[in-house]
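The data block below is target.csv; it holds CSV, N, CA and C atoms and all ligand atoms.
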```
chain,number,residue,atom,x,y,z
A,23,LEU,N,0.8,-1.2,0.0
A,23,LEU,CA,0.0,0.0,0.0
A,23,LEU,C,0.8,1.3,0.0
A,24,HIS,N,2.1,1.2,0.5
A,24,HIS,CA,2.9,2.4,0.6
A,24,HIS,C,4.1,2.4,-0.3
A,25,ALA,N,4.0,1.6,-1.4
A,25,ALA,CA,5.2,1.6,-2.4
A,25,ALA,C,5.3,3.0,-3.0
A,26,ALA,N,6.4,3.2,-3.7
A,26,ALA,CA,6.6,4.5,-4.3
A,26,ALA,C,5.7,4.7,-5.5
A,27,TYR,N,5.3,5.9,-5.8
A,27,TYR,CA,4.5,6.2,-7.0
A,27,TYR,C,5.3,6.1,-8.2
A,28,ASP,N,4.8,5.3,-9.2
A,28,ASP,CA,5.5,5.1,-10.5
A,28,ASP,C,4.9,6.2,-11.5
A,29,PRO,N,5.7,7.1,-11.9
A,29,PRO,CA,5.2,8.2,-12.8
A,29,PRO,C,4.9,7.7,-14.2
A,30,ASP,N,5.3,6.5,-14.5
A,30,ASP,CA,5.0,5.9,-15.8
A,30,ASP,C,3.7,5.0,-15.8
A,31,ASN,N,2.9,5.1,-14.8
A,31,ASN,CA,1.7,4.3,-14.8
A,31,ASN,C,0.8,4.9,-15.9
A,32,ILE,N,-0.2,4.1,-16.4
A,32,ILE,CA,-1.0,4.4,-17.5
A,32,ILE,C,-1.8,5.7,-17.3
A,33,PHE,N,-2.3,5.9,-16.1
A,33,PHE,CA,-3.1,7.1,-15.9
A,33,PHE,C,-2.3,8.4,-15.9
A,34,ALA,N,-1.0,8.3,-15.4
A,34,ALA,CA,-0.1,9.4,-15.4
A,34,ALA,C,0.2,9.8,-16.9
A,35,LYS,N,0.3,8.7,-17.7
A,35,LYS,CA,0.6,9.0,-19.1
A,35,LYS,C,-0.6,9.7,-19.8
A,36,ILE,N,-1.8,9.2,-19.4
A,36,ILE,CA,-3.0,9.9,-20.0
A,36,ILE,C,-3.0,11.4,-19.5
A,37,LEU,N,-2.7,11.6,-18.2
A,37,LEU,CA,-2.7,13.0,-17.7
A,37,LEU,C,-1.7,13.8,-18.4
A,38,ARG,N,-0.6,13.3,-18.8
A,38,ARG,CA,0.5,14.0,-19.5
A,38,ARG,C,0.2,14.1,-21.0
A,39,GLY,N,-0.8,13.5,-21.5
A,39,GLY,CA,-1.1,13.5,-22.9
A,39,GLY,C,-0.3,12.6,-23.7
A,40,GLU,N,0.4,11.6,-23.1
A,40,GLU,CA,1.2,10.7,-23.8
A,40,GLU,C,0.5,9.4,-24.2
A,41,MET,N,-0.7,9.2,-23.7
A,41,MET,CA,-1.6,8.1,-24.0
A,41,MET,C,-2.9,8.6,-24.4
A,42,PRO,N,-3.6,8.1,-25.4
A,42,PRO,CA,-5.0,8.6,-25.7
A,42,PRO,C,-6.0,8.1,-24.7
A,43,ALA,N,-7.0,8.9,-24.6
A,43,ALA,CA,-8.2,8.5,-23.7
A,43,ALA,C,-9.4,9.3,-24.2
A,44,VAL,N,-10.6,8.7,-24.0
A,44,VAL,CA,-11.8,9.4,-24.3
A,44,VAL,C,-12.2,10.2,-23.1
A,45,LYS,N,-11.8,11.5,-23.1
A,45,LYS,CA,-12.0,12.4,-22.0
A,45,LYS,C,-13.4,12.9,-22.0
A,46,VAL,N,-14.0,12.9,-20.8
A,46,VAL,CA,-15.4,13.4,-20.7
A,46,VAL,C,-15.6,14.6,-19.8
A,47,TYR,N,-14.6,14.9,-18.9
A,47,TYR,CA,-14.6,16.0,-18.0
A,47,TYR,C,-13.2,16.3,-17.5
A,48,GLU,N,-13.0,17.6,-17.3
A,48,GLU,CA,-11.7,18.0,-16.7
A,48,GLU,C,-11.8,19.4,-16.0
A,49,ASP,N,-11.2,19.5,-14.8
A,49,ASP,CA,-11.1,20.8,-14.2
A,49,ASP,C,-9.7,20.8,-13.5
A,50,GLU,N,-9.5,21.8,-12.6
A,50,GLU,CA,-8.2,21.9,-12.0
A,50,GLU,C,-7.8,20.8,-11.2
A,51,ALA,N,-8.7,20.0,-10.6
A,51,ALA,CA,-8.4,19.0,-9.7
A,51,ALA,C,-8.5,17.6,-10.3
A,52,ALA,N,-9.2,17.4,-11.4
A,52,ALA,CA,-9.5,16.0,-11.8
A,52,ALA,C,-9.6,15.9,-13.3
A,53,LEU,N,-9.4,14.7,-13.8
A,53,LEU,CA,-9.7,14.4,-15.2
A,53,LEU,C,-10.6,13.1,-15.2
A,54,ALA,N,-11.6,13.1,-16.1
A,54,ALA,CA,-12.5,11.9,-16.2
A,54,ALA,C,-12.4,11.4,-17.6
A,55,PHE,N,-12.3,10.1,-17.8
A,55,PHE,CA,-12.3,9.5,-19.1
A,55,PHE,C,-13.0,8.1,-19.1
A,56,MET,N,-13.3,7.6,-20.2
A,56,MET,CA,-14.0,6.3,-20.3
A,56,MET,C,-13.1,5.2,-20.0
A,57,ASP,N,-13.5,4.2,-19.3
A,57,ASP,CA,-12.7,2.9,-19.1
A,57,ASP,C,-12.7,2.1,-20.4
A,58,VAL,N,-11.4,1.7,-20.7
A,58,VAL,CA,-11.3,0.9,-22.0
A,58,VAL,C,-11.9,-0.5,-21.9
A,59,PHE,N,-12.1,-1.0,-20.8
A,59,PHE,CA,-12.7,-2.3,-20.6
A,59,PHE,C,-14.0,-2.1,-19.7
A,60,PRO,N,-15.0,-1.5,-20.2
A,60,PRO,CA,-16.1,-1.1,-19.4
A,60,PRO,C,-16.9,-2.3,-18.8
A,61,GLN,N,-17.3,-2.1,-17.6
A,61,GLN,CA,-18.1,-3.2,-16.9
A,61,GLN,C,-19.6,-3.0,-17.2
A,62,SER,N,-19.9,-1.8,-17.8
A,62,SER,CA,-21.3,-1.5,-18.3
A,62,SER,C,-21.1,-0.3,-19.2
A,63,GLU,N,-22.2,0.0,-19.9
A,63,GLU,CA,-22.2,1.2,-20.7
A,63,GLU,C,-22.0,2.4,-19.8
A,64,GLY,N,-21.1,3.3,-20.2
A,64,GLY,CA,-20.9,4.5,-19.4
A,64,GLY,C,-19.8,4.4,-18.3
A,65,HIS,N,-19.2,3.3,-18.2
A,65,HIS,CA,-18.2,3.1,-17.1
A,65,HIS,C,-17.1,4.2,-17.3
A,66,THR,N,-17.0,5.0,-16.3
A,66,THR,CA,-16.1,6.2,-16.3
A,66,THR,C,-15.1,6.2,-15.2
A,67,LEU,N,-13.9,6.7,-15.4
A,67,LEU,CA,-12.9,6.8,-14.3
A,67,LEU,C,-12.6,8.2,-14.0
A,68,VAL,N,-12.4,8.6,-12.8
A,68,VAL,CA,-12.0,10.0,-12.4
A,68,VAL,C,-10.7,9.9,-11.6
A,69,VAL,N,-9.7,10.6,-12.2
A,69,VAL,CA,-8.4,10.6,-11.5
A,69,VAL,C,-8.0,12.0,-11.1
A,70,PRO,N,-7.3,12.2,-9.9
A,70,PRO,CA,-6.9,13.5,-9.5
A,70,PRO,C,-5.7,13.9,-10.3
A,71,LYS,N,-5.6,15.2,-10.6
A,71,LYS,CA,-4.5,15.9,-11.3
A,71,LYS,C,-3.5,16.5,-10.3
A,72,GLY,N,-2.2,16.5,-10.7
A,72,GLY,CA,-1.2,17.3,-10.0
A,72,GLY,C,-0.9,16.6,-8.6
A,73,VAL,N,-1.1,15.3,-8.5
A,73,VAL,CA,-0.7,14.6,-7.3
A,73,VAL,C,-0.1,13.3,-7.7
A,74,GLU,N,0.9,12.8,-6.9
A,74,GLU,CA,1.5,11.5,-7.0
A,74,GLU,C,0.9,10.6,-6.0
A,75,ALA,N,-0.4,10.2,-6.2
A,75,ALA,CA,-1.1,9.4,-5.2
A,75,ALA,C,-1.5,8.1,-5.8
A,76,ARG,N,-0.9,7.0,-5.2
A,76,ARG,CA,-1.2,5.7,-5.7
A,76,ARG,C,-2.7,5.3,-5.4
A,77,ASN,N,-3.1,5.8,-4.2
A,77,ASN,CA,-4.4,5.3,-3.7
A,77,ASN,C,-5.0,6.4,-2.8
A,78,LEU,N,-6.2,6.0,-2.2
A,78,LEU,CA,-6.8,7.0,-1.4
A,78,LEU,C,-6.0,7.3,-0.1
A,79,LEU,N,-5.2,6.3,0.3
A,79,LEU,CA,-4.5,6.5,1.6
A,79,LEU,C,-3.4,7.5,1.5
A,80,ASP,N,-2.8,7.6,0.3
A,80,ASP,CA,-1.7,8.7,0.2
A,80,ASP,C,-2.1,9.9,-0.6
A,81,MET,N,-3.4,10.1,-0.8
A,81,MET,CA,-3.9,11.3,-1.4
A,81,MET,C,-3.8,12.4,-0.3
A,82,PRO,N,-3.2,13.6,-0.7
A,82,PRO,CA,-3.1,14.7,0.3
A,82,PRO,C,-4.5,15.1,0.7
A,83,THR,N,-4.8,15.2,2.0
A,83,THR,CA,-6.1,15.4,2.5
A,83,THR,C,-6.6,16.8,2.0
A,84,GLU,N,-5.7,17.8,1.9
A,84,GLU,CA,-6.2,19.1,1.4
A,84,GLU,C,-6.6,19.1,0.0
A,85,LYS,N,-6.3,18.1,-0.8
A,85,LYS,CA,-6.7,18.0,-2.2
A,85,LYS,C,-7.9,17.1,-2.4
A,86,LEU,N,-8.3,16.4,-1.3
A,86,LEU,CA,-9.4,15.5,-1.5
A,86,LEU,C,-10.7,16.1,-1.8
A,87,GLY,N,-11.0,17.3,-1.2
A,87,GLY,CA,-12.3,17.9,-1.3
A,87,GLY,C,-12.6,18.3,-2.8
A,88,ALA,N,-11.6,18.9,-3.4
A,88,ALA,CA,-11.9,19.4,-4.8
A,88,ALA,C,-12.0,18.1,-5.7
A,89,TYR,N,-11.2,17.1,-5.4
A,89,TYR,CA,-11.2,15.9,-6.2
A,89,TYR,C,-12.6,15.2,-6.1
A,90,MET,N,-13.0,15.1,-4.8
A,90,MET,CA,-14.3,14.4,-4.6
A,90,MET,C,-15.5,15.2,-5.2
A,91,GLN,N,-15.4,16.5,-5.2
A,91,GLN,CA,-16.4,17.3,-5.8
A,91,GLN,C,-16.5,16.9,-7.3
A,92,ALA,N,-15.3,16.7,-7.9
A,92,ALA,CA,-15.3,16.3,-9.4
A,92,ALA,C,-15.9,14.9,-9.5
A,93,VAL,N,-15.6,14.0,-8.6
A,93,VAL,CA,-16.2,12.7,-8.7
A,93,VAL,C,-17.7,12.8,-8.7
A,94,GLN,N,-18.2,13.6,-7.8
A,94,GLN,CA,-19.7,13.7,-7.7
A,94,GLN,C,-20.2,14.4,-8.9
A,95,LYS,N,-19.5,15.4,-9.5
A,95,LYS,CA,-20.0,16.1,-10.7
A,95,LYS,C,-20.1,15.1,-11.9
A,96,VAL,N,-19.1,14.2,-12.0
A,96,VAL,CA,-19.1,13.2,-13.1
A,96,VAL,C,-20.2,12.2,-12.9
A,97,ALA,N,-20.4,11.8,-11.6
A,97,ALA,CA,-21.4,10.8,-11.3
A,97,ALA,C,-22.8,11.4,-11.7
A,98,LYS,N,-23.0,12.7,-11.4
A,98,LYS,CA,-24.3,13.3,-11.8
A,98,LYS,C,-24.4,13.4,-13.3
A,99,ALA,N,-23.3,13.7,-14.0
A,99,ALA,CA,-23.4,13.8,-15.4
A,99,ALA,C,-23.7,12.5,-16.1
A,100,VAL,N,-23.1,11.4,-15.6
A,100,VAL,CA,-23.3,10.1,-16.1
A,100,VAL,C,-24.8,9.7,-15.8
A,101,GLU,N,-25.3,10.0,-14.6
A,101,GLU,CA,-26.7,9.7,-14.3
A,101,GLU,C,-27.6,10.5,-15.3
A,102,ALA,N,-27.3,11.8,-15.5
A,102,ALA,CA,-28.2,12.6,-16.4
A,102,ALA,C,-28.1,12.1,-17.8
A,103,ALA,N,-26.9,11.6,-18.3
A,103,ALA,CA,-26.8,11.2,-19.7
A,103,ALA,C,-27.4,9.9,-19.9
A,104,LEU,N,-27.3,9.0,-19.0
A,104,LEU,CA,-27.7,7.6,-19.3
A,104,LEU,C,-28.9,7.0,-18.5
A,105,THR,N,-29.4,7.9,-17.5
A,105,THR,CA,-30.5,7.5,-16.6
A,105,THR,C,-30.4,6.0,-16.2
A,106,PRO,N,-29.3,5.6,-15.6
A,106,PRO,CA,-29.3,4.2,-15.0
A,106,PRO,C,-30.2,4.1,-13.8
A,107,ASP,N,-30.5,2.9,-13.4
A,107,ASP,CA,-31.3,2.7,-12.2
A,107,ASP,C,-30.4,2.8,-10.9
A,108,GLY,N,-29.1,2.5,-11.1
A,108,GLY,CA,-28.2,2.6,-9.9
A,108,GLY,C,-26.8,3.0,-10.5
A,109,LEU,N,-25.9,3.4,-9.5
A,109,LEU,CA,-24.6,3.8,-9.9
A,109,LEU,C,-23.6,3.3,-8.9
A,110,VAL,N,-22.6,2.5,-9.3
A,110,VAL,CA,-21.5,2.1,-8.4
A,110,VAL,C,-20.5,3.2,-8.5
A,111,VAL,N,-20.0,3.7,-7.3
A,111,VAL,CA,-18.9,4.6,-7.3
A,111,VAL,C,-17.9,4.0,-6.3
A,112,THR,N,-16.7,3.5,-6.8
A,112,THR,CA,-15.9,2.7,-6.0
A,112,THR,C,-14.4,2.9,-6.4
A,113,GLN,N,-13.5,2.5,-5.5
A,113,GLN,CA,-12.1,2.5,-5.8
A,113,GLN,C,-11.4,1.4,-5.0
A,114,PHE,N,-10.2,1.0,-5.4
A,114,PHE,CA,-9.5,-0.1,-4.8
A,114,PHE,C,-8.1,0.4,-4.4
A,115,ASN,N,-7.6,-0.2,-3.2
A,115,ASN,CA,-6.3,0.2,-2.7
A,115,ASN,C,-5.4,-1.0,-2.6
A,116,GLY,N,-4.4,-1.1,-3.5
A,116,GLY,CA,-3.5,-2.2,-3.4
A,116,GLY,C,-3.9,-3.4,-4.3
A,117,ALA,N,-2.9,-4.1,-4.8
A,117,ALA,CA,-3.2,-5.2,-5.7
A,117,ALA,C,-4.1,-6.3,-5.1
A,118,PRO,N,-3.9,-6.6,-3.8
A,118,PRO,CA,-4.8,-7.6,-3.2
A,118,PRO,C,-6.3,-7.2,-3.1
A,119,ALA,N,-6.5,-5.9,-3.2
A,119,ALA,CA,-7.9,-5.4,-3.1
A,119,ALA,C,-8.4,-5.3,-4.5
A,120,GLY,N,-7.6,-5.6,-5.6
A,120,GLY,CA,-8.1,-5.6,-7.0
A,120,GLY,C,-7.6,-4.4,-7.8
A,121,GLN,N,-6.7,-3.6,-7.2
A,121,GLN,CA,-6.2,-2.4,-8.0
A,121,GLN,C,-5.2,-2.9,-9.0
A,122,THR,N,-5.3,-2.4,-10.2
A,122,THR,CA,-4.4,-2.8,-11.3
A,122,THR,C,-3.6,-1.6,-11.8
A,123,VAL,N,-4.1,-0.4,-11.7
A,123,VAL,CA,-3.5,0.8,-12.1
A,123,VAL,C,-3.2,1.7,-10.9
A,124,PHE,N,-1.9,2.0,-10.7
A,124,PHE,CA,-1.6,2.6,-9.4
A,124,PHE,C,-1.4,4.1,-9.4
A,125,HIS,N,-2.5,4.8,-9.9
A,125,HIS,CA,-2.8,6.2,-9.7
A,125,HIS,C,-4.2,6.3,-9.2
A,126,LEU,N,-4.5,6.9,-8.1
A,126,LEU,CA,-5.8,7.0,-7.5
A,126,LEU,C,-6.9,7.2,-8.6
A,127,HIS,N,-7.9,6.4,-8.5
A,127,HIS,CA,-9.1,6.6,-9.4
A,127,HIS,C,-10.3,6.1,-8.8
A,128,PHE,N,-11.4,6.8,-9.0
A,128,PHE,CA,-12.8,6.3,-8.7
A,128,PHE,C,-13.4,5.8,-10.0
A,129,HIS,N,-14.1,4.6,-9.9
A,129,HIS,CA,-14.9,4.1,-10.9
A,129,HIS,C,-16.3,4.6,-10.8
A,130,ILE,N,-16.9,5.0,-11.9
A,130,ILE,CA,-18.4,5.3,-11.9
A,130,ILE,C,-19.0,4.4,-12.9
A,131,ILE,N,-19.8,3.4,-12.3
A,131,ILE,CA,-20.3,2.3,-13.1
A,131,ILE,C,-21.9,2.3,-13.1
A,132,PRO,N,-22.5,2.7,-14.2
A,132,PRO,CA,-24.0,2.7,-14.2
A,132,PRO,C,-24.5,1.2,-14.2
A,133,ARG,N,-25.6,1.1,-13.5
A,133,ARG,CA,-26.3,-0.2,-13.5
A,133,ARG,C,-27.8,-0.1,-13.8
A,134,TRP,N,-28.3,-1.1,-14.4
A,134,TRP,CA,-29.7,-1.0,-14.8
A,134,TRP,C,-30.5,-2.2,-14.2
A,135,GLU,N,-31.7,-2.1,-13.9
A,135,GLU,CA,-32.5,-3.2,-13.4
A,135,GLU,C,-32.5,-4.3,-14.4
A,136,GLU,N,-32.5,-5.5,-14.0
A,136,GLU,CA,-32.6,-6.6,-14.9
A,136,GLU,C,-34.0,-6.6,-15.6
A,137,VAL,N,-34.1,-6.7,-16.9
A,137,VAL,CA,-35.4,-6.7,-17.5
A,137,VAL,C,-36.0,-8.1,-17.4
A,138,ALA,N,-37.2,-8.2,-16.8
A,138,ALA,CA,-37.8,-9.5,-16.6
A,138,ALA,C,-38.1,-10.2,-17.9
A,139,LEU,N,-37.9,-11.5,-17.9
A,139,LEU,CA,-38.1,-12.2,-19.2
A,139,LEU,C,-39.5,-12.7,-19.3
A,140,GLY,N,-40.2,-12.7,-18.2
A,140,GLY,CA,-41.6,-13.1,-18.2
A,140,GLY,C,-41.9,-14.6,-18.2
A,141,ARG,N,-40.8,-15.3,-17.8
A,141,ARG,CA,-41.0,-16.8,-17.6
A,141,ARG,C,-40.1,-17.3,-16.5
K,201,LIG,P1,-8.5,-0.9,-10.9
K,201,LIG,O1,-8.7,-2.3,-10.8
K,201,LIG,O2,-7.0,-0.5,-10.8
K,201,LIG,O3,-9.4,0.0,-10.0
K,201,LIG,O4,-9.0,-0.5,-12.4
K,201,LIG,C1,-8.3,0.0,-13.4
K,201,LIG,C2,-9.2,0.3,-14.5
K,201,LIG,O5,-8.5,0.9,-15.6
K,201,LIG,C3,-9.8,-1.0,-15.1
K,201,LIG,O6,-11.3,-0.9,-15.1
K,201,LIG,C4,-9.3,-1.0,-16.6
K,201,LIG,O7,-10.3,-1.4,-17.5
K,201,LIG,C5,-8.9,0.4,-16.8
K,201,LIG,N1,-7.8,0.7,-17.7
K,201,LIG,C6,-6.7,-0.1,-17.8
K,201,LIG,N2,-5.9,0.4,-18.8
K,201,LIG,C7,-6.5,1.5,-19.3
K,201,LIG,C8,-6.2,2.4,-20.3
K,201,LIG,O8,-5.1,2.4,-20.9
K,201,LIG,N3,-7.1,3.4,-20.6
K,201,LIG,C9,-8.3,3.5,-20.0
K,201,LIG,N4,-9.1,4.4,-20.3
K,201,LIG,N5,-8.6,2.6,-19.0
K,201,LIG,C10,-7.8,1.6,-18.7
```
What do you get writing this file as structure tokens?
Amino acid sequence: LHAAYDPDNIFAKILRGEMPAVKVYEDEAALAFMDVFPQSEGHTLVVPKGVEARNLLDMPTEKLGAYMQAVQKVAKAVEAALTPDGLVVTQFNGAPAGQTVFHLHFHIIPRWEEVALGR
């Protein structure tokens, strides 16, 4: 959980413009883009800008407020655009927890009610 930040992680490259991404929102604190392997239609990732934070634990507390406001803004935009029935907003800390990219990110994953098959 407390390893050094690798500045060559994929999201750092996206933030520096060295890797393409389908960007959907950006402000001073955060960048949001579409997940390349979406778990549902509209699966979006929100990453903090200007910080070397691998996970939530080493995110500077004074930068958390502006970042989380961006997370909520993107969640509201996804909800407005796709009108899902539910929205997963989540993040993982450390490989054993399921983290695979080591720059802090929140997932925003729309969910829809199962359509009844009538049998
Ligand atoms: P984690 O398990 O670390 O929370 O999830 C990392 C997420 O990043 C996964 O959902 C994965 O699909 C996504 N991802 C991995 N590589 C790329 C990439 O190059 N571009 C984008 N947009 N998403 C990526």
How would you write, as a ChimeraX atom specification, the set of residues no farther than 5 Å from ligand LIG 201 (chain K) when counting all atoms listed in the file? /A:56-59,114,120-123
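The smallest atom-to-atom distance between A:Glu50 and any of A:Arg76, A:Leu126, A:Ala92, A:Pro118, using only C-alpha atoms, is found for A:Ala92.
Here the question is which of A:Ala43, A:Ile131, A:Leu79, A:Leu23 gets nearest to A:Lys98 using only C-alpha atoms, and that residue is A:Ile131.
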Which of chain A DSSP labels alpha helix (DSSP H), written as a PyMOL selection string: chain A and resi 32-38+83-104
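Residues of chain A that DSSP, applied to the backbone, places in strand (DSSP E): Lys45, Val46, Tyr47, Glu48, Ala52, Leu53, Ala54, Phe55, Met56, Thr66, Leu67, Val68, Val69, Pro70, Gly108, Leu109, Val110, Val111, Thr112, Phe128, His129, Ile130, Ile131, Pro132 and Arg133 of chain A.
Those residues that approach A:Gln113 to within 6 Å, counting all atoms listed in the file, are His127, Phe128 and His129 of chain A; same-chain residues fewer than 3 positions away are not listed.
Minimum atom-to-atom distances from A:Leu67, A:Ala99, A:Ile32, A:Ala51 to A:Glu84 were compared using only C-alpha atoms, and the lowest value belongs to A:Ala51.
Using only C-alpha atoms, the shortest contact distance between A:Val69 and any of A:Ala102, A:Ile36, A:Met41, A:Ala26 is found at A:Ile36.
Distances to A:Leu53 were evaluated for A:Thr66, A:Thr105, A:Asn115, A:Thr83 using only C-alpha atoms, and the minimum falls at A:Thr66.
Across the model, the gap from atom N of A:Ala34 to atom N of A:Asp49 is 15.2 Å.
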Given the choices A:Asn77, A:Asp107, A:Phe124, A:His65, which gets closest to A:Asp28 if the distance is worked out from all atoms listed in the file? A:Phe124
From atom C of A:Arg133 to atom CA of A:Val110 the spacing works out at 8.6 Å
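Atom C of A:Ala117 is found 24.3 Å from atom CA of A:Gly72.
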Is it possible to dump stretch 85-113 of chain A as a CSV table (one decimal), in the first residue's frame, including just N, CA and C atoms?
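Result file follows (out-v6.csv):
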```
chain,number,residue,atom,x,y,z
A,85,LYS,N,-6.3,18.1,-0.8
A,85,LYS,CA,-6.7,18.0,-2.2
A,85,LYS,C,-7.9,17.1,-2.4
A,86,LEU,N,-8.3,16.4,-1.3
A,86,LEU,CA,-9.4,15.5,-1.5
A,86,LEU,C,-10.7,16.1,-1.8
A,87,GLY,N,-11.0,17.3,-1.2
A,87,GLY,CA,-12.3,17.9,-1.3
A,87,GLY,C,-12.6,18.3,-2.8
A,88,ALA,N,-11.6,18.9,-3.4
A,88,ALA,CA,-11.9,19.4,-4.8
A,88,ALA,C,-12.0,18.1,-5.7
A,89,TYR,N,-11.2,17.1,-5.4
A,89,TYR,CA,-11.2,15.9,-6.2
A,89,TYR,C,-12.6,15.2,-6.1
A,90,MET,N,-13.0,15.1,-4.8
A,90,MET,CA,-14.3,14.4,-4.6
A,90,MET,C,-15.5,15.2,-5.2
A,91,GLN,N,-15.4,16.5,-5.2
A,91,GLN,CA,-16.4,17.3,-5.8
A,91,GLN,C,-16.5,16.9,-7.3
A,92,ALA,N,-15.3,16.7,-7.9
A,92,ALA,CA,-15.3,16.3,-9.4
A,92,ALA,C,-15.9,14.9,-9.5
A,93,VAL,N,-15.6,14.0,-8.6
A,93,VAL,CA,-16.2,12.7,-8.7
A,93,VAL,C,-17.7,12.8,-8.7
A,94,GLN,N,-18.2,13.6,-7.8
A,94,GLN,CA,-19.7,13.7,-7.7
A,94,GLN,C,-20.2,14.4,-8.9
A,95,LYS,N,-19.5,15.4,-9.5
A,95,LYS,CA,-20.0,16.1,-10.7
A,95,LYS,C,-20.1,15.1,-11.9
A,96,VAL,N,-19.1,14.2,-12.0
A,96,VAL,CA,-19.1,13.2,-13.1
A,96,VAL,C,-20.2,12.2,-12.9
A,97,ALA,N,-20.4,11.8,-11.6
A,97,ALA,CA,-21.4,10.8,-11.3
A,97,ALA,C,-22.8,11.4,-11.7
A,98,LYS,N,-23.0,12.7,-11.4
A,98,LYS,CA,-24.3,13.3,-11.8
A,98,LYS,C,-24.4,13.4,-13.3
A,99,ALA,N,-23.3,13.7,-14.0
A,99,ALA,CA,-23.4,13.8,-15.4
A,99,ALA,C,-23.7,12.5,-16.1
A,100,VAL,N,-23.1,11.4,-15.6
A,100,VAL,CA,-23.3,10.1,-16.1
A,100,VAL,C,-24.8,9.7,-15.8
A,101,GLU,N,-25.3,10.0,-14.6
A,101,GLU,CA,-26.7,9.7,-14.3
A,101,GLU,C,-27.6,10.5,-15.3
A,102,ALA,N,-27.3,11.8,-15.5
A,102,ALA,CA,-28.2,12.6,-16.4
A,102,ALA,C,-28.1,12.1,-17.8
A,103,ALA,N,-26.9,11.6,-18.3
A,103,ALA,CA,-26.8,11.2,-19.7
A,103,ALA,C,-27.4,9.9,-19.9
A,104,LEU,N,-27.3,9.0,-19.0
A,104,LEU,CA,-27.7,7.6,-19.3
A,104,LEU,C,-28.9,7.0,-18.5
A,105,THR,N,-29.4,7.9,-17.5
A,105,THR,CA,-30.5,7.5,-16.6
A,105,THR,C,-30.4,6.0,-16.2
A,106,PRO,N,-29.3,5.6,-15.6
A,106,PRO,CA,-29.3,4.2,-15.0
A,106,PRO,C,-30.2,4.1,-13.8
A,107,ASP,N,-30.5,2.9,-13.4
A,107,ASP,CA,-31.3,2.7,-12.2
A,107,ASP,C,-30.4,2.8,-10.9
A,108,GLY,N,-29.1,2.5,-11.1
A,108,GLY,CA,-28.2,2.6,-9.9
A,108,GLY,C,-26.8,3.0,-10.5
A,109,LEU,N,-25.9,3.4,-9.5
A,109,LEU,CA,-24.6,3.8,-9.9
A,109,LEU,C,-23.6,3.3,-8.9
A,110,VAL,N,-22.6,2.5,-9.3
A,110,VAL,CA,-21.5,2.1,-8.4
A,110,VAL,C,-20.5,3.2,-8.5
A,111,VAL,N,-20.0,3.7,-7.3
A,111,VAL,CA,-18.9,4.6,-7.3
A,111,VAL,C,-17.9,4.0,-6.3
A,112,THR,N,-16.7,3.5,-6.8
A,112,THR,CA,-15.9,2.7,-6.0
A,112,THR,C,-14.4,2.9,-6.4
A,113,GLN,N,-13.5,2.5,-5.5
A,113,GLN,CA,-12.1,2.5,-5.8
A,113,GLN,C,-11.4,1.4,-5.0
```
